[in-house]
$ cat structure_5.txt   # compact mmCIF, C-alpha atoms
# COMPACT_ATOMS: atom_id res chain seq x y z
CA MET A 1 20.78 -19.48 -10.52
CA ALA A 2 18.03 -21.89 -11.43
CA VAL A 3 18.35 -25.61 -10.80
CA GLY A 4 16.60 -27.76 -13.37
CA SER A 5 15.25 -31.20 -12.70
CA VAL A 6 14.31 -34.10 -14.93
CA THR A 7 12.33 -36.97 -13.42
CA LEU A 8 11.74 -40.21 -15.30
CA GLU A 9 10.34 -43.64 -14.67
CA CYS A 10 11.16 -46.63 -16.85
CA PRO A 11 9.64 -50.13 -16.59
CA VAL A 12 12.17 -52.90 -17.24
CA ALA A 13 11.47 -56.57 -18.03
CA VAL A 14 14.35 -57.69 -15.80
CA SER A 15 14.42 -58.41 -12.07
CA VAL A 16 15.76 -55.82 -9.65
CA GLU A 17 18.59 -58.14 -8.61
CA LEU A 18 19.81 -58.83 -12.14
CA LEU A 19 19.52 -55.23 -13.36
CA TRP A 20 21.35 -54.00 -10.25
CA LYS A 21 24.10 -56.59 -10.71
CA VAL A 22 24.75 -55.69 -14.33
CA VAL A 23 24.40 -51.90 -14.20
CA PHE A 24 25.08 -50.63 -10.71
CA THR A 25 27.55 -52.88 -8.84
CA GLY A 26 30.58 -51.49 -10.63
CA ASP A 27 31.49 -54.68 -12.54
CA VAL A 28 32.75 -53.04 -15.72
CA SER A 29 33.15 -56.26 -17.69
CA ILE A 30 29.51 -57.35 -17.49
CA PHE A 31 28.19 -53.82 -17.99
CA THR A 32 30.31 -53.36 -21.13
CA LYS A 33 29.19 -56.72 -22.50
CA ALA A 34 25.52 -55.89 -21.89
CA CYS A 35 25.97 -52.55 -23.70
CA VAL A 36 27.75 -53.94 -26.75
CA GLY A 37 27.22 -51.66 -29.75
CA MET A 38 26.51 -48.69 -27.52
CA ILE A 39 29.56 -48.51 -25.23
CA ASP A 40 32.94 -49.48 -26.62
CA ALA A 41 34.97 -49.19 -23.41
CA VAL A 42 34.63 -48.35 -19.73
CA GLU A 43 37.50 -47.28 -17.49
CA VAL A 44 37.28 -46.75 -13.73
CA ASP A 45 39.68 -44.48 -11.88
CA GLY A 46 39.45 -45.57 -8.25
CA ASP A 47 38.26 -48.65 -6.40
CA GLY A 48 34.71 -48.54 -7.81
CA GLY A 49 33.32 -47.03 -4.62
CA PRO A 50 32.28 -43.45 -3.86
CA GLY A 51 34.67 -40.94 -5.40
CA SER A 52 35.60 -43.24 -8.29
CA VAL A 53 35.37 -41.72 -11.77
CA THR A 54 33.99 -43.86 -14.58
CA THR A 55 34.75 -42.93 -18.20
CA MET A 56 32.50 -44.44 -20.87
CA LYS A 57 33.57 -44.32 -24.49
CA LEU A 58 30.49 -44.45 -26.68
CA ASN A 59 30.25 -46.24 -29.99
CA PRO A 60 30.22 -43.78 -32.93
CA ALA A 61 26.86 -45.22 -34.00
CA VAL A 62 25.29 -43.72 -30.86
CA GLY A 63 25.54 -40.14 -32.10
CA ASP A 64 27.48 -36.99 -31.37
CA ALA A 65 28.50 -37.81 -27.81
CA LYS A 66 31.81 -39.63 -27.68
CA VAL A 67 32.86 -39.85 -24.04
CA PHE A 68 31.26 -39.10 -20.74
CA LYS A 69 32.53 -39.27 -17.20
CA THR A 70 30.69 -39.73 -13.92
CA ARG A 71 31.84 -39.65 -10.31
CA LEU A 72 30.09 -42.03 -7.95
CA LEU A 73 28.73 -40.15 -4.95
CA SER A 74 26.96 -43.02 -3.19
CA ARG A 75 25.71 -46.58 -3.72
CA ASP A 76 23.18 -48.13 -1.34
CA THR A 77 22.86 -51.77 -2.36
CA ALA A 78 20.14 -52.56 0.21
CA ALA A 79 17.92 -49.70 -1.00
CA ARG A 80 19.04 -50.14 -4.65
CA VAL A 81 19.90 -46.45 -5.00
CA VAL A 82 22.93 -44.94 -6.71
CA LYS A 83 23.85 -41.28 -6.93
CA SER A 84 26.49 -39.84 -9.25
CA GLU A 85 27.58 -36.59 -10.84
CA MET A 86 28.79 -35.82 -14.32
CA VAL A 87 32.40 -34.70 -14.60
CA PHE A 88 32.65 -31.88 -17.13
CA LYS A 89 36.34 -30.94 -16.93
CA GLY A 90 37.74 -31.29 -20.41
CA GLY A 91 34.58 -32.95 -21.72
CA GLU A 92 32.28 -31.91 -24.52
CA LEU A 93 29.91 -30.15 -22.09
CA ASP A 94 32.65 -28.33 -20.15
CA GLY A 95 31.67 -24.68 -19.85
CA GLN A 96 27.93 -25.34 -20.25
CA PHE A 97 27.02 -26.94 -16.90
CA LYS A 98 28.08 -26.17 -13.34
CA SER A 99 26.68 -29.50 -12.17
CA GLN A 100 24.56 -32.47 -13.15
CA VAL A 101 23.67 -35.01 -10.46
CA SER A 102 21.64 -38.15 -11.08
CA GLU A 103 19.93 -40.41 -8.58
CA VAL A 104 18.64 -43.79 -9.72
CA LYS A 105 16.46 -46.11 -7.67
CA VAL A 106 15.49 -49.58 -8.89
CA VAL A 107 12.32 -51.08 -7.40
CA PRO A 108 10.59 -54.42 -7.96
CA ALA A 109 7.54 -54.52 -10.21
CA GLY A 110 6.45 -58.15 -10.04
CA GLU A 111 8.32 -61.32 -10.85
CA GLY A 112 11.16 -60.72 -13.30
CA ALA A 113 10.40 -57.01 -13.65
CA SER A 114 11.48 -53.73 -12.14
CA VAL A 115 11.03 -49.99 -12.49
CA VAL A 116 13.89 -47.53 -12.69
CA HIS A 117 13.14 -44.16 -11.09
CA MET A 118 15.58 -41.45 -12.08
CA THR A 119 16.02 -37.83 -11.13
CA VAL A 120 18.63 -35.64 -12.78
CA GLU A 121 19.26 -32.20 -11.32
CA TYR A 122 21.41 -29.76 -13.25
CA GLU A 123 22.69 -26.23 -13.02
CA ARG A 124 23.96 -24.42 -16.09
CA VAL A 125 26.80 -21.92 -16.10
CA ASP A 126 24.53 -19.24 -17.58
CA GLY A 127 21.87 -19.86 -14.90
CA ALA A 128 19.15 -20.65 -17.43
CA LEU A 129 17.00 -23.75 -17.54
CA LEU A 130 17.20 -26.02 -20.54
CA PRO A 131 14.27 -26.04 -22.96
CA PRO A 132 11.95 -29.02 -22.32
CA GLU A 133 13.21 -30.89 -25.41
CA ASN A 134 16.81 -30.69 -24.15
CA GLU A 135 15.76 -31.85 -20.67
CA ALA A 136 14.05 -34.81 -22.34
CA ARG A 137 17.29 -35.63 -24.20
CA ILE A 138 19.22 -35.71 -20.90
CA GLY A 139 16.76 -38.21 -19.45
CA GLN A 140 16.66 -40.31 -22.58
CA GLY A 141 20.45 -40.49 -22.64
CA TYR A 142 20.48 -42.11 -19.22
CA LEU A 143 17.52 -44.36 -19.92
CA SER A 144 18.91 -45.55 -23.25
CA LEU A 145 21.65 -47.32 -21.28
CA ILE A 146 19.06 -49.06 -19.11
CA LYS A 147 17.02 -50.11 -22.14
CA LYS A 148 20.15 -51.43 -23.90
CA VAL A 149 20.97 -53.57 -20.86
CA GLU A 150 17.36 -54.77 -20.69
CA GLU A 151 17.45 -55.74 -24.37
CA TYR A 152 20.64 -57.74 -23.83
CA LEU A 153 19.43 -59.49 -20.69
CA VAL A 154 16.09 -60.47 -22.21
CA ALA A 155 17.93 -61.94 -25.21
CA HIS A 156 20.46 -63.75 -22.93
CA PRO A 157 18.40 -64.62 -19.83
CA GLY A 158 20.84 -66.94 -18.06
CA GLU A 159 24.11 -65.21 -18.81
CA PHE A 160 24.55 -63.13 -15.66
CA ALA A 161 22.04 -64.88 -13.38

$ encode --input "structure_5.txt" --output "structure tokens"
Amino acid sequence: MAVGSVTLECPVAVSVELLWKVVFTGDVSIFTKACVGMIDAVEVDGDGGPGSVTTMKLNPAVGDAKVFKTRLLSRDTAARVVKSEMVFKGGELDGQFKSQVSEVKVVPAGEGASVVHMTVEYERVDGALLPPENEARIGQGYLSLIKKVEEYLVAHPGEFA
């Protein structure tokens, strides 16, 4: 069985502290507000810590994907690293992937800026690697959330400060 890996880096015109607060602390209300038009609802099953499952219902304007679920594996606030896995049971991708684990690290990049480093490792049920264009789509799906939050925060600079 082959394990595929997608590695991406994304500059963001938002400070590490603010991006972390809005996206990675588990505060569903501010994350949903910052993703208006992309995510219609977010539900968390658990206390928001490791083991909790987050279900995001995507806006129909986003495309074919309607819902996706992730399970938080770890969150290191000091290092600004979060690791999670996709939950495929009953989802649209059930039967295609054995696993998909993402690790995101947010690092400072000067005043009011940061860089998101992301690695997504996946294993498909059939053991094959995805074609490069499909790997790129996986990465872009994750990064589109980050860019949507960035867009909102730049347009509303004091809202979550």

$ closest_residue --input "structure_5.txt" --among "A:Lys21, A:Lys105, A:Lys33, A:Arg75" --to "A:Tyr152" --atoms "all atoms listed in the file"
A:Lys33

$ residues_around --input "structure_5.txt" --residues "A:Val82" --least-positions-apart "2" --cutoff "8 Å" --atoms "only C-alpha atoms" --output "PyMOL selection string"
chain A and resi 24+72-76+80+84+103-105

$ closest_residue --input "structure_5.txt" --among "A:Val149, A:Val120, A:Val16, A:Cys35" --to "A:Ala136" --atoms "all atoms listed in the file"
A:Val120

$ residues_around --input "structure_5.txt" --residues "A:Ile39" --least-positions-apart "3" --cutoff "6 Å" --atoms "all atoms listed in the file" --output "ChimeraX atom specification"
/A:35-36,57-59

$ closest_residue --input "structure_5.txt" --among "A:Arg71, A:Gly112, A:Gly139, A:Glu133" --to "A:Val154" --atoms "all atoms listed in the file"
A:Gly112

$ closest_residue --input "structure_5.txt" --among "A:Ser114, A:Thr54, A:Asn134, A:Ser144" --to "A:Met86" --atoms "all atoms listed in the file"
A:Thr54

$ axis_aligned_box --input "structure_5.txt" --around "stretch 5-9 of chain A" --padding-each-side "3 Å" --output "AutoDock Vina command-line options"
--center_x 12.8 --center_y -37.4 --center_z -14.0 --size_x 10.9 --size_y 18.4 --size_z 8.6

$ residues_near_point --input "structure_5.txt" --point "(12.2, -57.9, -14.5)" --cutoff "12 Å" --atoms "only C-alpha atoms" --output "list in words"
Cys10, Pro11, Val12, Ala13, Val14, Ser15, Val16, Glu17, Leu18, Leu19, Trp20, Val106, Val107, Pro108, Ala109, Gly110, Glu111, Gly112, Ala113, Ser114, Val115, Val116, Lys147, Val149, Glu150, Glu151, Leu153, Val154 and Pro157 of chain A

$ closest_residue --input "structure_5.txt" --among "A:Asp126, A:Asp27, A:Glu85, A:Glu135" --to "A:Gly51" --atoms "only C-alpha atoms"
A:Glu85

$ atom_distance --input "structure_5.txt" --atom1 "atom CA of A:Ala34" --atom2 "atom CA of A:His117"
20.2 Å

$ closest_residue --input "structure_5.txt" --among "A:Pro132, A:Gly141, A:Gly127, A:Pro50" --to "A:Gly63" --atoms "all atoms listed in the file"
A:Gly141

$ atom_distance --input "structure_5.txt" --atom1 "atom CA of A:Gly37" --atom2 "atom CA of A:Lys148"
9.2 Å

$ atom_distance --input "structure_5.txt" --atom1 "atom CA of A:Ser29" --atom2 "atom CA of A:Glu43"
10.0 Å
